[in-house]
$ cat entry_13.txt   # compact mmCIF, C-alpha atoms
# COMPACT_ATOMS: atom_id res chain seq x y z
CA ASN C 926 -24.01 7.42 -11.90
CA ASP C 927 -24.77 6.84 -8.21
CA PRO C 928 -22.94 3.80 -6.76
CA ILE C 929 -25.88 3.07 -4.44
CA VAL C 930 -27.66 1.34 -7.35
CA ALA C 931 -24.83 -1.18 -7.70
CA VAL C 932 -24.55 -1.49 -3.91
CA GLU C 933 -28.19 -2.51 -3.57
CA ALA C 934 -27.82 -4.96 -6.45
CA MET C 935 -24.86 -6.58 -4.69
CA ARG C 936 -26.80 -6.90 -1.45
CA ARG C 937 -29.61 -8.70 -3.28
CA ASN C 938 -27.37 -10.57 -5.70
CA ASN C 939 -28.02 -14.13 -6.85
CA SER C 940 -26.09 -16.55 -9.03
CA GLN C 941 -27.56 -14.99 -12.17
CA THR C 942 -26.43 -11.44 -11.42
CA THR C 943 -23.06 -12.20 -9.78
CA ASN C 944 -21.09 -12.38 -13.01
CA GLU C 945 -22.65 -9.18 -14.29
CA LEU C 946 -21.74 -7.36 -11.07
CA ASP C 947 -18.19 -8.74 -11.26
CA ASP C 948 -17.87 -7.42 -14.79
CA LEU C 949 -19.19 -4.06 -13.61
CA MET C 950 -16.57 -3.83 -10.86
CA LYS C 951 -13.79 -4.91 -13.24
CA ASN C 952 -14.77 -2.10 -15.58
CA ILE C 953 -14.75 0.37 -12.70
CA PHE C 954 -11.36 -0.78 -11.41
CA GLY C 955 -9.86 -0.62 -14.89
CA ASP C 956 -11.05 2.90 -15.76
CA SER C 957 -9.41 5.79 -13.91
CA ASN C 958 -12.07 8.26 -15.11
CA ILE C 959 -14.88 6.16 -13.63
CA CYS C 960 -12.92 5.66 -10.40
CA ALA C 961 -12.54 9.42 -10.06
CA MET C 962 -16.29 9.93 -10.44
CA ILE C 963 -17.14 7.09 -8.05
CA LEU C 964 -14.78 8.44 -5.39
CA GLN C 965 -16.71 11.69 -5.20
CA HIS C 966 -19.85 9.88 -4.04
CA SER C 967 -20.50 9.16 -0.38
CA HIS C 968 -21.42 5.57 -1.32
CA ALA C 969 -17.98 4.81 -2.82
CA ARG C 970 -16.93 3.01 0.35
CA ALA C 971 -20.09 0.88 0.39
CA LEU C 972 -19.53 -0.10 -3.25
CA VAL C 973 -16.08 -1.47 -2.50
CA GLN C 974 -17.12 -3.20 0.73
CA GLU C 975 -20.19 -4.86 -0.78
CA SER C 976 -18.11 -6.09 -3.71
CA VAL C 977 -15.80 -7.91 -1.29
CA LYS C 978 -18.72 -9.27 0.75
CA MET C 979 -20.34 -10.57 -2.41
CA LEU C 980 -17.11 -12.39 -3.27
CA VAL C 981 -16.56 -14.10 0.08
CA LYS C 982 -20.17 -15.32 0.24
CA ARG C 983 -19.48 -17.62 -2.69
CA PRO C 984 -17.98 -21.09 -2.39
CA ALA C 985 -14.17 -21.19 -2.40
CA PRO C 986 -11.85 -20.39 -4.02
CA HIS C 987 -12.25 -16.67 -3.44
CA ILE C 988 -10.20 -14.90 -6.09
CA PRO C 989 -10.27 -11.09 -5.73
CA LEU C 990 -10.82 -8.74 -8.64
CA VAL C 991 -7.67 -6.82 -7.65
CA MET C 992 -4.56 -8.99 -7.53
CA PRO C 993 -1.42 -8.05 -5.53
CA LEU C 994 0.96 -7.88 -8.50
CA SER C 995 -1.31 -5.68 -10.61
CA LEU C 996 -1.84 -3.33 -7.65
CA GLU C 997 1.92 -3.04 -7.03
CA CYS C 998 2.49 -2.30 -10.73
CA LEU C 999 -0.20 0.38 -10.63
CA ALA C 1000 1.37 1.94 -7.53
CA GLN C 1001 4.80 2.08 -9.18
CA SER C 1002 3.39 3.75 -12.30
CA LEU C 1003 1.64 6.59 -10.49
CA PRO C 1004 2.95 10.19 -10.42
CA TRP C 1005 3.31 10.49 -6.63
CA GLY C 1006 5.60 13.48 -7.13
CA LYS C 1007 2.56 15.38 -8.46
CA LEU C 1008 0.42 14.62 -5.42
CA GLY C 1009 -0.86 18.18 -5.14
CA SER C 1010 -1.33 18.64 -8.89
CA THR C 1011 -4.67 19.86 -10.21
CA ALA C 1012 -4.23 17.96 -13.48
CA GLU C 1013 -7.27 15.76 -14.12
CA SER C 1014 -5.20 12.83 -15.41
CA THR C 1015 -3.11 12.79 -12.22
CA SER C 1016 -6.15 12.98 -9.94
CA ASN C 1017 -7.94 10.24 -11.88
CA ALA C 1018 -4.95 7.89 -11.71
CA LEU C 1019 -4.59 8.39 -7.96
CA SER C 1020 -8.34 7.85 -7.50
CA GLN C 1021 -8.05 4.54 -9.32
CA PHE C 1022 -5.28 3.44 -6.95
CA VAL C 1023 -7.28 4.47 -3.88
CA ILE C 1024 -10.34 2.48 -5.01
CA GLN C 1025 -8.26 -0.59 -5.81
CA VAL C 1026 -6.12 -0.50 -2.66
CA THR C 1027 -9.22 -0.13 -0.46
CA TYR C 1028 -10.74 -3.19 -2.14
CA ALA C 1029 -7.49 -5.14 -1.64
CA LEU C 1030 -7.30 -4.23 2.06
CA GLU C 1031 -10.98 -5.07 2.58
CA PHE C 1032 -10.29 -8.48 1.04
CA LEU C 1033 -7.24 -8.91 3.31
CA ASP C 1034 -9.46 -8.08 6.28
CA CYS C 1035 -12.05 -10.71 5.29
CA GLN C 1036 -9.67 -13.40 4.01
CA PRO C 1037 -6.31 -12.95 5.80
CA LEU C 1038 -5.14 -16.50 4.97
CA SER C 1039 -5.83 -16.23 1.25
CA PRO C 1040 -2.79 -16.57 -1.05
CA PHE C 1041 -4.15 -13.59 -3.00
CA VAL C 1042 -3.89 -10.96 -0.26
CA VAL C 1043 -1.64 -7.91 -0.63
CA SER C 1044 1.26 -6.98 1.62
CA PRO C 1045 0.23 -3.51 2.82
CA ARG C 1046 3.79 -2.39 3.55
CA LEU C 1047 4.69 -2.69 -0.13
CA LEU C 1048 2.14 -0.04 -1.05
CA PRO C 1049 2.31 3.78 -0.73
CA LEU C 1050 -0.49 3.99 1.80
CA ARG C 1051 0.75 7.21 3.40
CA GLU C 1052 0.55 8.95 0.04
CA ALA C 1053 -2.91 7.52 -0.62
CA LEU C 1054 -4.14 9.01 2.65
CA ALA C 1055 -2.48 12.33 1.82
CA PHE C 1056 -4.27 12.37 -1.55
CA LEU C 1057 -7.66 11.68 0.05
CA ASN C 1058 -7.07 14.34 2.67
CA SER C 1059 -6.12 16.88 0.01
CA CYS C 1060 -9.24 16.07 -2.05
CA HIS C 1061 -11.49 16.22 1.01
CA GLU C 1062 -10.17 19.66 1.94
CA LYS C 1063 -10.91 20.91 -1.56
CA SER C 1064 -14.35 19.30 -1.69
CA LYS C 1065 -17.43 21.41 -1.00
CA HIS C 1066 -19.29 18.42 0.48
CA LYS C 1067 -18.59 17.52 4.11
CA HIS C 1068 -19.53 13.86 3.63
CA SER C 1069 -17.97 13.27 0.23
CA GLY C 1070 -16.54 9.96 -0.84
CA PHE C 1071 -13.08 11.33 -0.13
CA CYS C 1072 -13.94 11.64 3.55
CA THR C 1073 -15.63 8.25 3.95
CA MET C 1074 -12.91 6.47 1.99
CA GLN C 1075 -10.22 8.16 4.06
CA VAL C 1076 -11.87 6.98 7.28
CA THR C 1077 -12.15 3.44 5.91
CA LEU C 1078 -8.57 3.34 4.66
CA LYS C 1079 -7.25 4.67 7.97
CA GLY C 1080 -9.18 1.99 9.82
CA LEU C 1081 -7.78 -0.79 7.66
CA ILE C 1082 -4.23 0.54 7.95
CA SER C 1083 -4.63 0.90 11.72
CA LYS C 1084 -5.64 -2.75 11.92
CA HIS C 1085 -3.03 -4.31 9.64
CA CYS C 1086 -0.01 -1.96 9.84
CA PRO C 1087 -0.62 0.65 12.56
CA ASP C 1088 2.99 1.82 12.62
CA ILE C 1089 2.39 3.52 9.25
CA LEU C 1090 -0.08 5.85 10.93
CA TYR C 1091 2.28 6.21 13.88
CA THR C 1092 5.12 7.39 11.67
CA MET C 1093 2.77 9.86 9.95
CA VAL C 1094 1.98 11.47 13.29
CA ASN C 1095 5.50 11.24 14.68
CA ASP C 1096 7.45 11.93 11.52
CA HIS C 1097 10.17 14.50 12.23
CA ASP C 1098 12.30 13.59 9.24
CA GLU C 1099 10.74 15.88 6.62
CA SER C 1100 13.54 15.16 4.16
CA VAL C 1101 12.18 11.66 3.60
CA VAL C 1102 8.95 13.07 2.16
CA SER C 1103 10.16 16.30 0.56
CA HIS C 1104 13.07 14.61 -1.21
CA ARG C 1105 11.21 11.42 -2.07
CA TYR C 1106 12.42 11.37 -5.64
CA ASN C 1107 16.08 11.75 -4.65
CA ILE C 1108 16.00 8.47 -2.74
CA THR C 1109 18.33 5.76 -4.00
CA THR C 1110 19.21 2.22 -2.97
CA THR C 1111 22.46 3.61 -1.56
CA MET C 1112 20.47 5.81 0.80
CA VAL C 1113 18.51 2.76 1.92
CA CYS C 1114 21.74 0.89 2.67
CA GLU C 1115 23.13 3.84 4.57
CA ALA C 1116 19.94 4.16 6.63
CA ILE C 1117 20.06 0.46 7.50
CA CYS C 1118 23.68 0.74 8.57
CA ASP C 1119 22.93 3.86 10.63
CA CYS C 1120 20.25 1.93 12.47
CA LEU C 1121 22.55 -1.03 13.14
CA ASN C 1122 25.41 1.07 14.45
CA GLY C 1123 24.02 0.75 17.96
CA THR C 1124 24.40 3.42 20.63
CA HIS C 1125 25.27 6.19 18.16
CA SER C 1126 22.39 5.41 15.82
CA VAL C 1127 20.31 8.28 14.45
CA ASP C 1128 17.45 5.83 13.89
CA PRO C 1129 17.05 3.83 17.11
CA SER C 1130 13.73 2.25 16.09
CA GLY C 1131 14.61 1.53 12.45
CA LEU C 1132 11.46 3.34 11.24
CA ARG C 1133 13.42 5.79 9.07
CA ALA C 1134 15.21 2.91 7.36
CA GLU C 1135 11.91 1.10 6.83
CA LYS C 1136 10.34 4.24 5.37
CA LEU C 1137 13.18 4.77 2.92
CA PHE C 1138 13.07 1.08 1.99
CA MET C 1139 9.32 1.19 1.23
CA ILE C 1140 9.55 4.43 -0.76
CA CYS C 1141 12.51 3.15 -2.74
CA ARG C 1142 10.64 -0.06 -3.49
CA SER C 1143 7.79 1.97 -4.99
CA MET C 1144 10.22 3.76 -7.31
CA TYR C 1145 12.69 1.08 -8.40
CA PRO C 1146 12.41 -2.63 -9.24
CA CYS C 1147 11.68 -4.47 -6.00
CA ALA C 1148 14.38 -7.05 -6.70
CA GLU C 1149 17.05 -4.33 -6.95
CA VAL C 1150 16.03 -2.73 -3.65
CA ASP C 1151 15.70 -6.08 -1.86
CA VAL C 1152 19.18 -7.15 -2.91
CA ALA C 1153 20.70 -3.90 -1.69
CA ALA C 1154 18.84 -4.03 1.65
CA VAL C 1155 19.80 -7.66 2.29
CA GLY C 1156 23.44 -6.86 1.60
CA ALA C 1157 23.37 -3.99 4.09
CA ILE C 1158 21.63 -6.07 6.75
CA LEU C 1159 24.07 -8.95 6.42
CA ALA C 1160 27.00 -6.53 6.52
CA ALA C 1161 25.73 -5.41 9.95
CA GLY C 1162 26.74 -1.83 9.33
CA ASN C 1163 30.10 -2.46 7.68
CA PHE C 1164 30.59 -1.19 4.12
CA PRO C 1165 30.86 -2.41 1.46
CA PRO C 1166 27.93 -4.80 2.03
CA LYS C 1167 28.23 -8.37 0.82
CA TYR C 1168 26.47 -8.90 -2.50
CA TYR C 1169 23.86 -11.60 -3.13
CA SER C 1170 22.01 -11.77 -6.42
CA TYR C 1171 18.22 -11.87 -6.37
CA VAL C 1172 18.28 -15.36 -7.87
CA ALA C 1173 20.59 -16.54 -5.09
CA LEU C 1174 18.30 -15.08 -2.44
CA CYS C 1175 15.26 -16.77 -3.98
CA LYS C 1176 17.09 -20.10 -4.00
CA ASP C 1177 18.33 -19.71 -0.43
CA PRO C 1178 16.21 -17.19 1.54
CA LEU C 1179 17.54 -18.65 4.79
CA VAL C 1180 20.70 -16.65 4.15
CA LEU C 1181 18.89 -13.88 6.05
CA LEU C 1182 19.39 -15.90 9.22
CA LYS C 1183 23.09 -15.06 8.94
CA SER C 1184 22.25 -11.51 9.97
CA SER C 1185 23.26 -10.20 13.37
CA ALA C 1186 20.87 -10.94 16.24
CA ARG C 1187 20.58 -7.22 16.96
CA VAL C 1188 18.73 -6.76 13.64
CA TRP C 1189 15.64 -8.23 15.29
CA LYS C 1190 15.73 -5.65 18.09
CA TYR C 1191 14.56 -2.87 15.77
CA ARG C 1192 10.94 -2.71 14.64
CA GLY C 1193 11.82 -1.15 11.28
CA MET C 1194 14.44 -3.82 10.59
CA ARG C 1195 11.98 -6.60 11.40
CA CYS C 1196 9.51 -5.12 8.92
CA ILE C 1197 12.18 -4.97 6.23
CA MET C 1198 13.17 -8.57 6.90

$ encode --input "entry_13.txt" --output "structure tokens"
Amino acid sequence: NDPIVAVEAMRRNNSQTTNELDDLMKNIFGDSNICAMILQHSHARALVQESVKMLVKRPAPHIPLVMPLSLECLAQSLPWGKLGSTAESTSNALSQFVIQVTYALEFLDCQPLSPFVVSPRLLPLREALAFLNSCHEKSKHKHSGFCTMQVTLKGLISKHCPDILYTMVNDHDESVVSHRYNITTTMVCEAICDCLNGTHSVDPSGLRAEKLFMICRSMYPCAEVDVAAVGAILAAGNFPPKYYSYVALCKDPLVLLKSSARVWKYRGMRCIM
């Protein structure tokens, strides 16, 4: 029941035990109930970190146990609207995502050039931190796994996408969070156009547009959101935006270079691009 047993085994692993430890971690990652139990232990962080270290010590190729596409699919299936729910099924599912996303970011940190790394901005990291914070506040143990995992996740986010933490601290647009499930692709397009309007923009840095874009991407098919955002960017603030199908964009991604030069002035717009 205590992850420290597996942690010590990973530190002393050899070629005979590696496959068994991999199978153990796969079973943990695939079971939300086990993830929820693991996350309560103070050694949850060490378990994830040692699993990644064990992987990168082997000869290449280094193929992670958590792949980007499966993690994105898991993120899109989660009930983020019930973040404060006390339902066990909801808490377990969110715990599973936290364990997996921490593993994926640890792998990104160790192997940044790997073709199997995740794109952190495509994942609901703000919500993951909010979940850990909520669990830690409810926990009776000061040094629970919720606390240590939160510290680890914050550190990884700070290193690879620090603006996410910045917007959490400096977020004055409460409607983005409180009305998360009213967000549509039209709202994303409008936010992009507001940003690109120039001197009268309500979003001079583009961070609000980026936030809406990322949230919308976690709710709707990524292709649908990408097509809408590209149309708005290429329209440079003029509605209706020009339409490009997702297939057309995949065949000719350089069409993005037709966008106005001022798009690159805004940090949020650059992240979207």

$ residues_around --input "entry_13.txt" --residues "Ser1130 of chain C" --least-positions-apart "5" --cutoff "10 Å" --atoms "all atoms listed in the file" --output "list in words"
Cys1120, Leu1121, Glu1135, Lys1190, Tyr1191, Arg1192, Gly1193 and Met1194 of chain C

$ residues_around --input "entry_13.txt" --residues "Tyr1145 of chain C" --least-positions-apart "5" --cutoff "9 Å" --atoms "all atoms listed in the file" --output "ChimeraX atom specification"
/C:1001,1109-1110,1140,1150

$ atom_distance --input "entry_13.txt" --atom1 "atom CA of Phe1041 of chain C" --atom2 "atom CA of Lys978 of chain C"
15.7 Å

$ closest_residue --input "entry_13.txt" --among "C:Ala1000, C:Val1188, C:Ile1117, C:Leu1057" --to "Arg1142 of chain C" --atoms "only C-alpha atoms"
C:Ala1000

$ closest_residue --input "entry_13.txt" --among "C:His966, C:Arg1046, C:Arg983, C:Arg937" --to "Ile1082 of chain C" --atoms "only C-alpha atoms"
C:Arg1046

$ atom_distance --input "entry_13.txt" --atom1 "atom CA of Val932 of chain C" --atom2 "atom CA of Ala985 of chain C"
22.3 Å

$ closest_residue --input "entry_13.txt" --among "C:Pro928, C:Pro993, C:Pro986, C:Pro1087" --to "Gln974 of chain C" --atoms "only C-alpha atoms"
C:Pro928

$ closest_residue --input "entry_13.txt" --among "C:Leu1081, C:Cys1060, C:Ala1116, C:Ile1197" --to "Asp1151 of chain C" --atoms "only C-alpha atoms"
C:Ile1197

$ residues_around --input "entry_13.txt" --residues "Cys1072 of chain C" --least-positions-apart "2" --cutoff "10 Å" --atoms "only C-alpha atoms" --output "PyMOL selection string"
chain C and resi 964-967+970+1057-1058+1060-1062+1064+1066-1070+1074-1078

$ closest_residue --input "entry_13.txt" --among "C:Leu1003, C:Leu1182, C:Met1198, C:Cys1147" --to "Val1023 of chain C" --atoms "all atoms listed in the file"
C:Leu1003

$ closest_residue --input "entry_13.txt" --among "C:Met962, C:Val991, C:Leu1047, C:Leu1090" --to "Glu1013 of chain C" --atoms "all atoms listed in the file"
C:Met962

$ residues_around --input "entry_13.txt" --residues "Ala931 of chain C" --least-positions-apart "3" --cutoff "10 Å" --atoms "all atoms listed in the file" --output "number ranges by chain"
C: 926-928, 934-938, 946, 949-950, 968, 971-972, 975-976

$ residues_around --input "entry_13.txt" --residues "Ala1153 of chain C" --least-positions-apart "3" --cutoff "8 Å" --atoms "all atoms listed in the file" --output "PyMOL selection string"
chain C and resi 1110-1111+1113-1114+1149-1150+1156-1157+1168

$ atom_distance --input "entry_13.txt" --atom1 "atom CA of Lys1084 of chain C" --atom2 "atom CA of His987 of chain C"
21.8 Å

$ build_atoms --input "entry_13.txt" --residues "segment 989-1007 of chain C" --atoms "N, CA, C and O atoms" --output "JSON list (two decimals), in the frame of the given file"
[["chain", "number", "residue", "atom", "x", "y", "z"],
["C", 989, "PRO", "N", -9.88, -12.51, -5.68],
["C", 989, "PRO", "CA", -10.27, -11.09, -5.73],
["C", 989, "PRO", "C", -10.15, -10.50, -7.13],
["C", 989, "PRO", "O", -9.39, -11.01, -7.98],
["C", 990, "LEU", "N", -10.88, -9.42, -7.35],
["C", 990, "LEU", "CA", -10.82, -8.74, -8.64],
["C", 990, "LEU", "C", -9.55, -7.90, -8.78],
["C", 990, "LEU", "O", -9.17, -7.54, -9.89],
["C", 991, "VAL", "N", -8.94, -7.57, -7.65],
["C", 991, "VAL", "CA", -7.67, -6.82, -7.65],
["C", 991, "VAL", "C", -6.59, -7.74, -7.10],
["C", 991, "VAL", "O", -6.62, -8.11, -5.92],
["C", 992, "MET", "N", -5.63, -8.09, -7.94],
["C", 992, "MET", "CA", -4.56, -8.99, -7.53],
["C", 992, "MET", "C", -3.34, -8.20, -7.04],
["C", 992, "MET", "O", -3.10, -7.07, -7.50],
["C", 993, "PRO", "N", -2.56, -8.77, -6.12],
["C", 993, "PRO", "CA", -1.42, -8.05, -5.53],
["C", 993, "PRO", "C", -0.44, -7.50, -6.55],
["C", 993, "PRO", "O", -0.03, -6.34, -6.47],
["C", 994, "LEU", "N", -0.04, -8.31, -7.54],
["C", 994, "LEU", "CA", 0.96, -7.88, -8.50],
["C", 994, "LEU", "C", 0.47, -6.70, -9.34],
["C", 994, "LEU", "O", 1.20, -5.73, -9.57],
["C", 995, "SER", "N", -0.78, -6.77, -9.79],
["C", 995, "SER", "CA", -1.31, -5.68, -10.61],
["C", 995, "SER", "C", -1.42, -4.39, -9.80],
["C", 995, "SER", "O", -1.18, -3.29, -10.32],
["C", 996, "LEU", "N", -1.74, -4.52, -8.50],
["C", 996, "LEU", "CA", -1.84, -3.33, -7.65],
["C", 996, "LEU", "C", -0.46, -2.71, -7.42],
["C", 996, "LEU", "O", -0.31, -1.49, -7.44],
["C", 997, "GLU", "N", 0.55, -3.55, -7.21],
["C", 997, "GLU", "CA", 1.92, -3.04, -7.03],
["C", 997, "GLU", "C", 2.40, -2.35, -8.30],
["C", 997, "GLU", "O", 3.05, -1.30, -8.24],
["C", 998, "CYS", "N", 2.09, -2.93, -9.45],
["C", 998, "CYS", "CA", 2.49, -2.30, -10.73],
["C", 998, "CYS", "C", 1.80, -0.96, -10.91],
["C", 998, "CYS", "O", 2.42, 0.01, -11.37],
["C", 999, "LEU", "N", 0.52, -0.89, -10.54],
["C", 999, "LEU", "CA", -0.20, 0.38, -10.63],
["C", 999, "LEU", "C", 0.43, 1.42, -9.72],
["C", 999, "LEU", "O", 0.64, 2.57, -10.11],
["C", 1000, "ALA", "N", 0.77, 1.01, -8.50],
["C", 1000, "ALA", "CA", 1.37, 1.94, -7.53],
["C", 1000, "ALA", "C", 2.69, 2.50, -8.05],
["C", 1000, "ALA", "O", 3.00, 3.68, -7.88],
["C", 1001, "GLN", "N", 3.49, 1.65, -8.68],
["C", 1001, "GLN", "CA", 4.80, 2.08, -9.18],
["C", 1001, "GLN", "C", 4.68, 3.00, -10.39],
["C", 1001, "GLN", "O", 5.58, 3.78, -10.68],
["C", 1002, "SER", "N", 3.56, 2.94, -11.09],
["C", 1002, "SER", "CA", 3.39, 3.75, -12.30],
["C", 1002, "SER", "C", 2.78, 5.13, -12.02],
["C", 1002, "SER", "O", 2.74, 5.97, -12.91],
["C", 1003, "LEU", "N", 2.35, 5.35, -10.80],
["C", 1003, "LEU", "CA", 1.64, 6.59, -10.49],
["C", 1003, "LEU", "C", 2.57, 7.77, -10.24],
["C", 1003, "LEU", "O", 3.68, 7.60, -9.72],
["C", 1004, "PRO", "N", 2.13, 8.97, -10.57],
["C", 1004, "PRO", "CA", 2.95, 10.19, -10.42],
["C", 1004, "PRO", "C", 2.85, 10.75, -9.00],
["C", 1004, "PRO", "O", 2.28, 11.82, -8.77],
["C", 1005, "TRP", "N", 3.43, 10.04, -8.02],
["C", 1005, "TRP", "CA", 3.31, 10.49, -6.63],
["C", 1005, "TRP", "C", 3.99, 11.84, -6.41],
["C", 1005, "TRP", "O", 3.66, 12.56, -5.48],
["C", 1006, "GLY", "N", 4.94, 12.18, -7.25],
["C", 1006, "GLY", "CA", 5.60, 13.48, -7.13],
["C", 1006, "GLY", "C", 4.68, 14.64, -7.44],
["C", 1006, "GLY", "O", 4.98, 15.79, -7.11],
["C", 1007, "LYS", "N", 3.53, 14.34, -8.09],
["C", 1007, "LYS", "CA", 2.56, 15.38, -8.46],
["C", 1007, "LYS", "C", 1.31, 15.27, -7.58],
["C", 1007, "LYS", "O", 0.20, 15.54, -8.02]]
